[in-house]
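Here is the file structure09.cif (mmCIF, C-alpha atoms, pLDDT in the B column; chains and numbers go by the auth columns).
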data_start
loop_
_atom_site.group_PDB
_atom_site.id
_atom_site.type_symbol
_atom_site.label_atom_id
_atom_site.label_comp_id
_atom_site.label_asym_id
_atom_site.label_seq_id
_atom_site.Cartn_x
_atom_site.Cartn_y
_atom_site.Cartn_z
_atom_site.B_iso_or_equiv
_atom_site.auth_seq_id
_atom_site.auth_asym_id
ATOM 1 C CA MET A 1 29.834 -3.859 -80.342 52.00 3 A
ATOM 2 C CA LYS A 2 26.209 -3.017 -79.599 51.00 4 A
ATOM 3 C CA SER A 3 24.521 -4.328 -76.471 50.00 5 A
ATOM 4 C CA PRO A 4 21.967 -7.035 -77.124 51.00 6 A
ATOM 5 C CA LYS A 5 18.608 -5.227 -76.825 61.00 7 A
ATOM 6 C CA LYS A 6 16.405 -8.247 -77.516 72.00 8 A
ATOM 7 C CA LYS A 7 14.773 -10.056 -74.627 82.00 9 A
ATOM 8 C CA VAL A 8 15.246 -13.561 -73.353 88.00 10 A
ATOM 9 C CA ASP A 9 12.421 -15.994 -74.053 84.00 11 A
ATOM 10 C CA GLN A 10 12.610 -18.245 -70.980 83.00 12 A
ATOM 11 C CA LYS A 11 10.574 -21.017 -72.609 86.00 13 A
ATOM 12 C CA GLN A 12 12.888 -21.014 -75.615 87.00 14 A
ATOM 13 C CA VAL A 13 15.974 -21.017 -73.377 88.00 15 A
ATOM 14 C CA ASN A 14 14.706 -24.053 -71.443 88.00 16 A
ATOM 15 C CA SER A 15 13.860 -25.866 -74.659 91.00 17 A
ATOM 16 C CA ASP A 16 17.282 -25.080 -76.189 94.00 18 A
ATOM 17 C CA TYR A 17 19.052 -26.185 -72.995 94.00 19 A
ATOM 18 C CA GLN A 18 17.194 -29.517 -72.995 94.00 20 A
ATOM 19 C CA TRP A 19 18.121 -29.996 -76.646 96.00 21 A
ATOM 20 C CA LEU A 20 21.767 -29.104 -75.957 96.00 22 A
ATOM 21 C CA MET A 21 22.022 -31.800 -73.287 94.00 23 A
ATOM 22 C CA MET A 22 21.341 -34.416 -75.959 94.00 24 A
ATOM 23 C CA GLN A 23 24.076 -33.187 -78.333 95.00 25 A
ATOM 24 C CA SER A 24 27.685 -34.284 -78.569 92.00 26 A
ATOM 25 C CA LEU A 25 29.781 -31.187 -77.906 93.00 27 A
ATOM 26 C CA SER A 26 33.221 -32.780 -78.446 91.00 28 A
ATOM 27 C CA LYS A 27 33.907 -30.800 -81.616 93.00 29 A
ATOM 28 C CA TYR A 28 33.245 -27.502 -79.827 95.00 30 A
ATOM 29 C CA LYS A 29 35.849 -27.946 -77.068 94.00 31 A
ATOM 30 C CA GLY A 30 37.447 -24.648 -76.076 94.00 32 A
ATOM 31 C CA GLN A 31 34.788 -22.700 -77.966 97.00 33 A
ATOM 32 C CA TRP A 32 31.821 -20.560 -77.117 98.00 34 A
ATOM 33 C CA ILE A 33 28.639 -21.710 -78.807 98.00 35 A
ATOM 34 C CA ALA A 34 25.314 -19.909 -79.243 98.00 36 A
ATOM 35 C CA ILE A 35 22.112 -21.945 -79.455 97.00 37 A
ATOM 36 C CA SER A 36 18.825 -20.710 -80.830 96.00 38 A
ATOM 37 C CA GLU A 37 15.714 -22.726 -81.687 94.00 39 A
ATOM 38 C CA GLN A 38 17.571 -26.014 -81.301 96.00 40 A
ATOM 39 C CA ASN A 39 20.429 -25.054 -83.586 96.00 41 A
ATOM 40 C CA ILE A 40 24.020 -24.095 -82.881 97.00 42 A
ATOM 41 C CA VAL A 41 23.999 -20.789 -84.728 98.00 43 A
ATOM 42 C CA ALA A 42 27.530 -19.577 -83.937 98.00 44 A
ATOM 43 C CA ARG A 43 30.802 -20.968 -82.592 98.00 45 A
ATOM 44 C CA ASP A 44 34.242 -19.514 -81.953 98.00 46 A
ATOM 45 C CA GLU A 45 36.993 -19.450 -79.357 97.00 47 A
ATOM 46 C CA SER A 46 36.196 -15.774 -78.872 97.00 48 A
ATOM 47 C CA LEU A 47 32.911 -14.786 -77.245 97.00 49 A
ATOM 48 C CA LYS A 48 33.162 -11.450 -79.051 97.00 50 A
ATOM 49 C CA ASN A 49 33.187 -13.206 -82.432 98.00 51 A
ATOM 50 C CA VAL A 50 30.239 -15.404 -81.471 98.00 52 A
ATOM 51 C CA GLN A 51 28.305 -12.305 -80.439 97.00 53 A
ATOM 52 C CA ALA A 52 29.148 -10.574 -83.715 97.00 54 A
ATOM 53 C CA LYS A 53 27.881 -13.579 -85.672 97.00 55 A
ATOM 54 C CA VAL A 54 24.710 -13.715 -83.546 97.00 56 A
ATOM 55 C CA ASN A 55 24.085 -9.993 -84.120 95.00 57 A
ATOM 56 C CA SER A 56 24.376 -10.522 -87.874 96.00 58 A
ATOM 57 C CA LEU A 57 21.730 -13.269 -87.839 96.00 59 A
ATOM 58 C CA ASN A 58 18.845 -11.071 -86.714 90.00 60 A
ATOM 59 C CA LEU A 59 17.418 -13.743 -84.401 93.00 61 A
ATOM 60 C CA LYS A 60 14.041 -13.266 -82.707 90.00 62 A
ATOM 61 C CA ASN A 61 15.424 -13.759 -79.181 91.00 63 A
ATOM 62 C CA ILE A 62 18.729 -13.733 -77.356 95.00 64 A
ATOM 63 C CA PRO A 63 20.323 -17.179 -77.836 96.00 65 A
ATOM 64 C CA PHE A 64 21.696 -19.443 -75.112 97.00 66 A
ATOM 65 C CA TYR A 65 25.493 -19.182 -74.747 98.00 67 A
ATOM 66 C CA LEU A 66 27.812 -21.859 -73.409 97.00 68 A
ATOM 67 C CA ARG A 67 31.570 -22.290 -73.342 96.00 69 A
ATOM 68 C CA VAL A 68 32.539 -25.936 -73.837 95.00 70 A
ATOM 69 C CA PRO A 69 35.560 -26.706 -71.633 91.00 71 A
ATOM 70 C CA THR A 70 38.496 -28.642 -73.027 87.00 72 A
ATOM 71 C CA GLY A 71 38.928 -31.187 -70.250 73.00 73 A
ATOM 72 C CA SER A 72 37.982 -32.118 -66.742 70.00 74 A
ATOM 73 C CA VAL A 73 37.330 -29.420 -64.157 69.00 75 A
ATOM 74 C CA THR A 74 39.119 -30.042 -60.876 65.00 76 A
ATOM 75 C CA ALA A 75 39.503 -27.596 -58.028 51.00 77 A
ATOM 76 C CA MET B 1 9.072 -22.333 -51.592 77.00 8 B
ATOM 77 C CA THR B 2 9.220 -24.895 -54.359 90.00 9 B
ATOM 78 C CA PRO B 3 12.372 -26.940 -55.051 94.00 10 B
ATOM 79 C CA LEU B 4 13.703 -27.058 -58.590 95.00 11 B
ATOM 80 C CA SER B 5 15.157 -30.242 -60.079 95.00 12 B
ATOM 81 C CA PHE B 6 17.709 -30.384 -62.906 95.00 13 B
ATOM 82 C CA ALA B 7 19.456 -33.188 -64.789 95.00 14 B
ATOM 83 C CA PHE B 8 23.259 -33.364 -64.812 95.00 15 B
ATOM 84 C CA PHE B 9 24.821 -32.045 -68.017 95.00 16 B
ATOM 85 C CA PRO B 10 26.861 -34.740 -69.836 92.00 17 B
ATOM 86 C CA MET B 11 30.199 -33.665 -71.355 90.00 18 B
ATOM 87 C CA GLN B 12 32.832 -35.800 -73.070 86.00 19 B
ATOM 88 C CA VAL B 13 36.252 -35.784 -71.402 86.00 20 B
ATOM 89 C CA GLY B 14 38.576 -38.139 -73.244 85.00 21 B
ATOM 90 C CA LYS B 15 36.714 -41.424 -73.560 86.00 22 B
ATOM 91 C CA ASP B 16 34.551 -40.714 -70.533 88.00 23 B
ATOM 92 C CA THR B 17 31.270 -38.907 -70.170 88.00 24 B
ATOM 93 C CA ILE B 18 31.411 -36.597 -67.161 90.00 25 B
ATOM 94 C CA LEU B 19 28.149 -35.477 -65.592 93.00 26 B
ATOM 95 C CA ARG B 20 28.212 -31.915 -64.324 94.00 27 B
ATOM 96 C CA PRO B 21 25.681 -29.991 -62.242 96.00 28 B
ATOM 97 C CA MET B 22 25.149 -27.115 -64.661 96.00 29 B
ATOM 98 C CA LEU B 23 22.444 -24.667 -63.651 96.00 30 B
ATOM 99 C CA PRO B 24 20.724 -22.906 -66.562 96.00 31 B
ATOM 100 C CA VAL B 25 20.489 -19.234 -65.622 96.00 32 B
ATOM 101 C CA ILE B 26 19.969 -15.764 -67.005 96.00 33 B
ATOM 102 C CA LEU B 27 22.751 -13.410 -65.916 97.00 34 B
ATOM 103 C CA LYS B 28 21.609 -9.803 -65.774 97.00 35 B
ATOM 104 C CA PHE B 29 23.420 -6.493 -65.551 97.00 36 B
ATOM 105 C CA LYS B 30 21.340 -3.375 -66.099 94.00 37 B
ATOM 106 C CA HIS B 31 19.447 -3.991 -69.371 93.00 38 B
ATOM 107 C CA ILE B 32 21.742 -6.743 -70.676 96.00 39 B
ATOM 108 C CA GLU B 33 20.773 -10.394 -70.249 96.00 40 B
ATOM 109 C CA LEU B 34 22.869 -13.503 -70.892 97.00 41 B
ATOM 110 C CA PRO B 35 21.210 -16.936 -70.923 97.00 42 B
ATOM 111 C CA THR B 36 23.904 -19.465 -70.040 97.00 43 B
ATOM 112 C CA ALA B 37 24.697 -22.281 -67.611 97.00 44 B
ATOM 113 C CA LEU B 38 26.881 -22.094 -64.491 97.00 45 B
ATOM 114 C CA LEU B 39 28.623 -25.001 -62.782 97.00 46 B
ATOM 115 C CA LEU B 40 27.167 -25.403 -59.296 97.00 47 B
ATOM 116 C CA ASP B 41 30.452 -25.876 -57.431 95.00 48 B
ATOM 117 C CA SER B 42 30.086 -26.671 -53.740 93.00 49 B
ATOM 118 C CA GLY B 43 33.907 -26.864 -53.505 91.00 50 B
ATOM 119 C CA SER B 44 34.442 -23.250 -54.499 92.00 51 B
ATOM 120 C CA ASP B 45 34.378 -20.549 -51.852 92.00 52 B
ATOM 121 C CA PHE B 46 33.122 -17.885 -54.260 94.00 53 B
ATOM 122 C CA SER B 47 31.487 -17.576 -57.663 96.00 54 B
ATOM 123 C CA MET B 48 33.583 -16.794 -60.709 96.00 55 B
ATOM 124 C CA LEU B 49 32.951 -15.636 -64.270 97.00 56 B
ATOM 125 C CA ARG B 50 35.352 -15.597 -67.191 97.00 57 B
ATOM 126 C CA ASN B 51 36.518 -12.094 -68.046 97.00 58 B
ATOM 127 C CA ASP B 52 35.266 -12.322 -71.646 97.00 59 B
ATOM 128 C CA VAL B 53 31.726 -12.574 -70.268 98.00 60 B
ATOM 129 C CA ILE B 54 32.156 -9.293 -68.416 98.00 61 B
ATOM 130 C CA GLU B 55 34.165 -7.374 -71.009 97.00 62 B
ATOM 131 C CA ASP B 56 32.747 -8.665 -74.295 97.00 63 B
ATOM 132 C CA TYR B 57 29.159 -9.508 -73.431 97.00 64 B
ATOM 133 C CA PHE B 58 28.274 -7.065 -70.663 97.00 65 B
ATOM 134 C CA GLN B 59 30.692 -4.439 -71.988 96.00 66 B
ATOM 135 C CA ILE B 60 32.036 -3.597 -68.557 97.00 67 B
ATOM 136 C CA ASN B 61 35.568 -2.312 -68.251 96.00 68 B
ATOM 137 C CA ILE B 62 37.234 -4.554 -65.672 95.00 69 B
ATOM 138 C CA SER B 63 39.616 -1.770 -64.698 93.00 70 B
ATOM 139 C CA ASP B 64 36.592 0.136 -63.336 95.00 71 B
ATOM 140 C CA LEU B 65 35.694 -2.663 -60.883 95.00 72 B
ATOM 141 C CA LYS B 66 36.823 -3.193 -57.301 92.00 73 B
ATOM 142 C CA LYS B 67 40.042 -5.242 -57.257 90.00 74 B
ATOM 143 C CA GLY B 68 41.386 -7.930 -54.964 81.00 75 B
ATOM 144 C CA THR B 69 43.948 -10.709 -54.867 75.00 76 B
ATOM 145 C CA ILE B 70 42.938 -14.234 -53.996 74.00 77 B
ATOM 146 C CA ASP B 71 44.847 -17.409 -53.432 65.00 78 B
ATOM 147 C CA THR B 72 42.899 -19.658 -55.775 66.00 79 B
ATOM 148 C CA ALA B 73 44.011 -23.263 -55.602 61.00 80 B
ATOM 149 C CA GLY B 74 41.802 -24.330 -58.529 59.00 81 B
ATOM 150 C CA ILE B 75 43.257 -22.074 -61.184 56.00 82 B
ATOM 151 C CA GLY B 76 46.800 -21.815 -59.948 59.00 83 B
ATOM 152 C CA GLY B 77 48.265 -19.702 -57.161 71.00 84 B
ATOM 153 C CA GLU B 78 47.575 -16.055 -56.575 81.00 85 B
ATOM 154 C CA VAL B 79 45.139 -14.508 -58.995 86.00 86 B
ATOM 155 C CA GLU B 80 44.255 -10.862 -59.371 90.00 87 B
ATOM 156 C CA VAL B 81 40.512 -10.536 -59.592 93.00 88 B
ATOM 157 C CA ALA B 82 37.855 -7.902 -59.902 95.00 89 B
ATOM 158 C CA TRP B 83 34.462 -8.143 -58.225 96.00 90 B
ATOM 159 C CA ILE B 84 31.072 -7.518 -59.762 97.00 91 B
ATOM 160 C CA ASP B 85 27.506 -8.086 -58.578 98.00 92 B
ATOM 161 C CA LEU B 86 25.176 -9.610 -61.148 98.00 93 B
ATOM 162 C CA LYS B 87 21.591 -10.755 -60.882 98.00 94 B
ATOM 163 C CA VAL B 88 21.177 -14.477 -61.459 97.00 95 B
ATOM 164 C CA GLU B 89 17.748 -15.778 -62.438 96.00 96 B
ATOM 165 C CA PHE B 90 16.913 -19.462 -62.632 95.00 97 B
ATOM 166 C CA SER B 91 13.570 -21.044 -63.175 92.00 98 B
ATOM 167 C CA GLN B 92 11.626 -24.145 -63.963 90.00 99 B
ATOM 168 C CA ARG B 93 8.002 -24.538 -64.950 86.00 100 B
ATOM 169 C CA ASN B 94 6.349 -21.442 -63.445 87.00 101 B
ATOM 170 C CA PHE B 95 8.778 -20.982 -60.551 92.00 102 B
ATOM 171 C CA THR B 96 11.482 -18.346 -60.807 93.00 103 B
ATOM 172 C CA TYR B 97 14.148 -17.311 -58.321 95.00 104 B
ATOM 173 C CA GLU B 98 16.515 -14.364 -58.589 96.00 105 B
ATOM 174 C CA GLU B 99 19.574 -13.569 -56.487 97.00 106 B
ATOM 175 C CA THR B 100 22.253 -10.913 -56.620 97.00 107 B
ATOM 176 C CA ILE B 101 25.585 -12.716 -56.491 98.00 108 B
ATOM 177 C CA PRO B 102 29.079 -11.208 -56.219 97.00 109 B
ATOM 178 C CA PHE B 103 31.321 -12.777 -58.866 97.00 110 B
ATOM 179 C CA GLN B 104 35.088 -12.820 -59.050 96.00 111 B
ATOM 180 C CA VAL B 105 36.515 -12.087 -62.490 96.00 112 B
ATOM 181 C CA PRO B 106 40.181 -12.869 -63.225 94.00 113 B
ATOM 182 C CA ILE B 107 41.917 -9.819 -64.646 93.00 114 B
ATOM 183 C CA LYS B 108 44.245 -11.845 -66.872 92.00 115 B
ATOM 184 C CA TYR B 109 42.676 -13.942 -69.680 91.00 116 B
ATOM 185 C CA GLU B 110 44.970 -16.925 -69.001 90.00 117 B
ATOM 186 C CA LYS B 111 43.623 -17.134 -65.456 90.00 118 B
ATOM 187 C CA ASN B 112 40.041 -17.649 -66.625 93.00 119 B
ATOM 188 C CA PRO B 113 38.279 -20.729 -65.227 91.00 120 B
ATOM 189 C CA PRO B 114 37.266 -23.356 -67.823 91.00 121 B
ATOM 190 C CA LEU B 115 33.645 -22.836 -66.821 93.00 122 B
ATOM 191 C CA CYS B 116 31.766 -20.019 -65.171 96.00 123 B
ATOM 192 C CA LEU B 117 30.670 -21.202 -61.747 96.00 124 B
ATOM 193 C CA ILE B 118 28.551 -20.543 -58.680 97.00 125 B
ATOM 194 C CA GLY B 119 30.410 -21.199 -55.430 96.00 126 B
ATOM 195 C CA ARG B 120 29.099 -21.496 -51.879 96.00 127 B
ATOM 196 C CA ASN B 121 29.147 -17.875 -50.797 93.00 128 B
ATOM 197 C CA PRO B 122 26.360 -16.709 -50.776 95.00 129 B
ATOM 198 C CA PHE B 123 24.348 -19.152 -52.928 97.00 130 B
ATOM 199 C CA PHE B 124 24.609 -22.116 -50.562 96.00 131 B
ATOM 200 C CA TYR B 125 23.506 -19.970 -47.624 94.00 132 B
ATOM 201 C CA LYS B 126 20.266 -19.333 -49.452 95.00 133 B
ATOM 202 C CA TYR B 127 19.688 -22.691 -51.141 97.00 134 B
ATOM 203 C CA ARG B 128 20.246 -26.296 -50.147 96.00 135 B
ATOM 204 C CA VAL B 129 21.482 -28.425 -53.027 96.00 136 B
ATOM 205 C CA ASP B 130 21.125 -32.192 -53.136 96.00 137 B
ATOM 206 C CA PHE B 131 23.417 -33.903 -55.641 95.00 138 B
ATOM 207 C CA ARG B 132 21.689 -37.187 -56.394 94.00 139 B
ATOM 208 C CA MET B 133 23.843 -39.029 -58.903 89.00 140 B
ATOM 209 C CA GLY B 134 22.646 -42.284 -57.381 89.00 141 B
ATOM 210 C CA TYR B 135 18.968 -41.470 -57.858 86.00 142 B
ATOM 211 C CA THR B 136 18.704 -44.642 -59.937 89.00 143 B
ATOM 212 C CA ASP B 137 21.342 -47.271 -60.698 90.00 144 B
ATOM 213 C CA ASP B 138 22.161 -45.268 -63.857 88.00 145 B
ATOM 214 C CA PRO B 139 24.150 -42.092 -63.012 82.00 146 B
ATOM 215 C CA ALA B 140 23.027 -40.518 -66.290 83.00 147 B
ATOM 216 C CA LEU B 141 19.560 -40.329 -64.784 89.00 148 B
ATOM 217 C CA GLY B 142 20.783 -38.508 -61.682 91.00 149 B
ATOM 218 C CA LYS B 143 19.576 -35.055 -60.793 95.00 150 B
ATOM 219 C CA PHE B 144 20.416 -32.158 -58.521 96.00 151 B
ATOM 220 C CA ILE B 145 17.700 -30.439 -56.588 97.00 152 B
ATOM 221 C CA ILE B 146 17.749 -26.853 -55.336 97.00 153 B
ATOM 222 C CA TYR B 147 15.686 -26.073 -52.248 96.00 154 B
ATOM 223 C CA PRO B 148 15.321 -22.475 -51.068 95.00 155 B
ATOM 224 C CA GLU B 149 16.422 -22.361 -47.405 93.00 156 B
ATOM 225 C CA THR B 150 13.692 -21.191 -45.061 88.00 157 B
ATOM 226 C CA HIS B 151 15.901 -20.629 -41.952 85.00 158 B
ATOM 227 C CA LYS B 152 13.228 -22.101 -39.692 84.00 159 B
ATOM 228 C CA ARG B 153 15.606 -23.065 -36.876 85.00 160 B
ATOM 229 C CA ASP B 154 16.503 -20.507 -34.216 88.00 161 B
ATOM 230 C CA ALA B 155 20.257 -19.807 -34.371 85.00 162 B
ATOM 231 C CA LYS B 156 20.335 -19.340 -30.574 86.00 163 B
ATOM 232 C CA GLN B 157 19.845 -23.086 -30.124 88.00 164 B
ATOM 233 C CA PHE B 158 23.191 -23.839 -31.740 86.00 165 B
ATOM 234 C CA GLU B 159 26.767 -23.276 -30.619 85.00 166 B
ATOM 235 C CA ARG B 160 28.667 -20.909 -32.858 83.00 167 B
ATOM 236 C CA PRO B 161 32.255 -21.894 -33.796 85.00 168 B
ATOM 237 C CA MET B 162 34.591 -19.799 -31.609 79.00 169 B
ATOM 238 C CA LYS B 163 36.581 -18.429 -34.542 81.00 170 B
ATOM 239 C CA ILE B 164 33.583 -16.940 -36.298 78.00 171 B
ATOM 240 C CA LYS B 165 32.773 -13.507 -34.929 71.00 172 B
ATOM 241 C CA LYS B 166 29.392 -11.905 -35.309 66.00 173 B
#
Could you show the structure in this file as structure tokens?
Amino acid sequence: MKSPKKKVDQKQVNSDYQWLMMQSLSKYKGQWIAISEQNIVARDESLKNVQAKVNSLNLKNIPFYLRVPTGSVTA
Amino acid sequence: MTPLSFAFFPMQVGKDTILRPMLPVILKFKHIELPTALLLDSGSDFSMLRNDVIEDYFQINISDLKKGTIDTAGIGGEVEVAWIDLKVEFSQRNFTYEETIPFQVPIKYEKNPPLCLIGRNPFFYKYRVDFRMGYTDDPALGKFIIYPETHKRDAKQFERPMKIKK
């Protein structure tokens, strides 16, 4: 898979992160999601598959990636 | 040095909403950048990334990295890990900070942590973090604040624990 050569737009990342905080992520548990311009543009259990989908979308900037955990996180 | 303030990230766990201190960051290795969020985990000794982040996104062969074995209580017993240094950038408004942080990466997929995280060493030596879930009487309005440490106090004024050698 090719390396992402696009740049990160910090303003867009902050805006997408703020938007993501307002969303219910229950249906994405155990999955990686990619967020671009306040949309979840790809989702899959495999980060590789999410990246492949993102690469096929020809987005302007690198999206924000997050893995949604399945349960509580306890050390 | 300006402090940065972030809201806790709400996630559903069962019927509850858990608030987590997730720090939005850009992870960087050479020319590759990954915008993501890391759990700011004051209970973890070291920082840790999932191995799919390293292998799939950054396209680094884990077998080429320096290896180690750690006794990791959080993810179950002894875990074989590799080590990698990544740049971590975080910012807010017009203020940006960047640190190089050594991350552990589990070699086996099943030993991956549920979330990528920043532990104490070395992040908490460089930044003070206030977790203020009681900022108001509504925990959902809590925030965590990151202050760059300025190391103003002279270390000679303090007694060093005997066990810690220079």
| task | Enumerate, as a ChimeraX atom specification, the residues matched when the PyMOL selection byres ((chain A) within 10 of (chain B)) is run on the file above. | result | /A:3-13,15-16,19-20,22-29,31-32,36-37,48-51,53,64-77
| message | Just the number, please: distance in Å from CA of Ile91 in chain B to CA of Trp34 in chain A, one decimal. | response | 21.7 Å
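Going from CA of Leu59 in chain A to CA of Ile61 in chain B covers 22.4 Å.
Nearest-residue note for Glu105 in chain B: choosing from B:Pro155, B:Val136, B:Ile69, B:Asp52, the minimum distance belongs to B:Pro155, counting all atoms listed in the file.
Between CA of Asp23 in chain B and CA of Tyr30 in chain A the interatomic distance comes to 16.2 Å.
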Where atoms are lacking, range 39-61 of chain A completed to N, CA and C atoms, as a CSV table (one decimal), in the frame of the given file:
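Listing of out_26.csv after writing:
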chain,number,residue,atom,x,y,z
A,39,GLU,N,16.7,-21.9,-81.1
A,39,GLU,CA,15.7,-22.7,-81.7
A,39,GLU,C,16.3,-24.1,-82.1
A,40,GLN,N,17.0,-24.7,-81.2
A,40,GLN,CA,17.6,-26.0,-81.3
A,40,GLN,C,18.6,-26.1,-82.5
A,41,ASN,N,19.3,-25.1,-82.6
A,41,ASN,CA,20.4,-25.1,-83.6
A,41,ASN,C,21.6,-24.3,-83.0
A,42,ILE,N,22.8,-24.8,-83.3
A,42,ILE,CA,24.0,-24.1,-82.9
A,42,ILE,C,24.3,-23.1,-84.0
A,43,VAL,N,24.0,-21.8,-83.7
A,43,VAL,CA,24.0,-20.8,-84.7
A,43,VAL,C,25.3,-20.1,-84.8
A,44,ALA,N,26.2,-20.2,-83.9
A,44,ALA,CA,27.5,-19.6,-83.9
A,44,ALA,C,28.5,-20.3,-83.0
A,45,ARG,N,29.8,-20.3,-83.4
A,45,ARG,CA,30.8,-21.0,-82.6
A,45,ARG,C,32.1,-20.3,-82.8
A,46,ASP,N,32.9,-20.1,-81.8
A,46,ASP,CA,34.2,-19.5,-82.0
A,46,ASP,C,34.9,-19.6,-80.6
A,47,GLU,N,36.3,-19.5,-80.6
A,47,GLU,CA,37.0,-19.4,-79.4
A,47,GLU,C,36.7,-18.1,-78.6
A,48,SER,N,36.4,-17.1,-79.4
A,48,SER,CA,36.2,-15.8,-78.9
A,48,SER,C,34.7,-15.5,-78.7
A,49,LEU,N,34.3,-15.1,-77.5
A,49,LEU,CA,32.9,-14.8,-77.2
A,49,LEU,C,32.5,-13.6,-78.1
A,50,LYS,N,33.4,-12.7,-78.3
A,50,LYS,CA,33.2,-11.4,-79.1
A,50,LYS,C,32.8,-11.8,-80.5
A,51,ASN,N,33.5,-12.8,-81.1
A,51,ASN,CA,33.2,-13.2,-82.4
A,51,ASN,C,31.8,-13.9,-82.5
A,52,VAL,N,31.5,-14.7,-81.5
A,52,VAL,CA,30.2,-15.4,-81.5
A,52,VAL,C,29.1,-14.4,-81.4
A,53,GLN,N,29.3,-13.4,-80.6
A,53,GLN,CA,28.3,-12.3,-80.4
A,53,GLN,C,28.1,-11.6,-81.8
A,54,ALA,N,29.2,-11.3,-82.4
A,54,ALA,CA,29.1,-10.6,-83.7
A,54,ALA,C,28.4,-11.4,-84.7
A,55,LYS,N,28.6,-12.7,-84.8
A,55,LYS,CA,27.9,-13.6,-85.7
A,55,LYS,C,26.4,-13.6,-85.3
A,56,VAL,N,26.1,-13.7,-84.0
A,56,VAL,CA,24.7,-13.7,-83.5
A,56,VAL,C,24.0,-12.4,-84.0
A,57,ASN,N,24.7,-11.3,-83.8
A,57,ASN,CA,24.1,-10.0,-84.1
A,57,ASN,C,23.8,-9.9,-85.6
A,58,SER,N,24.6,-10.6,-86.4
A,58,SER,CA,24.4,-10.5,-87.9
A,58,SER,C,23.2,-11.4,-88.3
A,59,LEU,N,22.8,-12.3,-87.4
A,59,LEU,CA,21.7,-13.3,-87.8
A,59,LEU,C,20.3,-12.7,-87.7
A,60,ASN,N,20.2,-11.7,-86.9
A,60,ASN,CA,18.8,-11.1,-86.7
A,60,ASN,C,17.8,-12.1,-86.1
A,61,LEU,N,18.3,-12.7,-85.0
A,61,LEU,CA,17.4,-13.7,-84.4
A,61,LEU,C,16.3,-13.1,-83.6
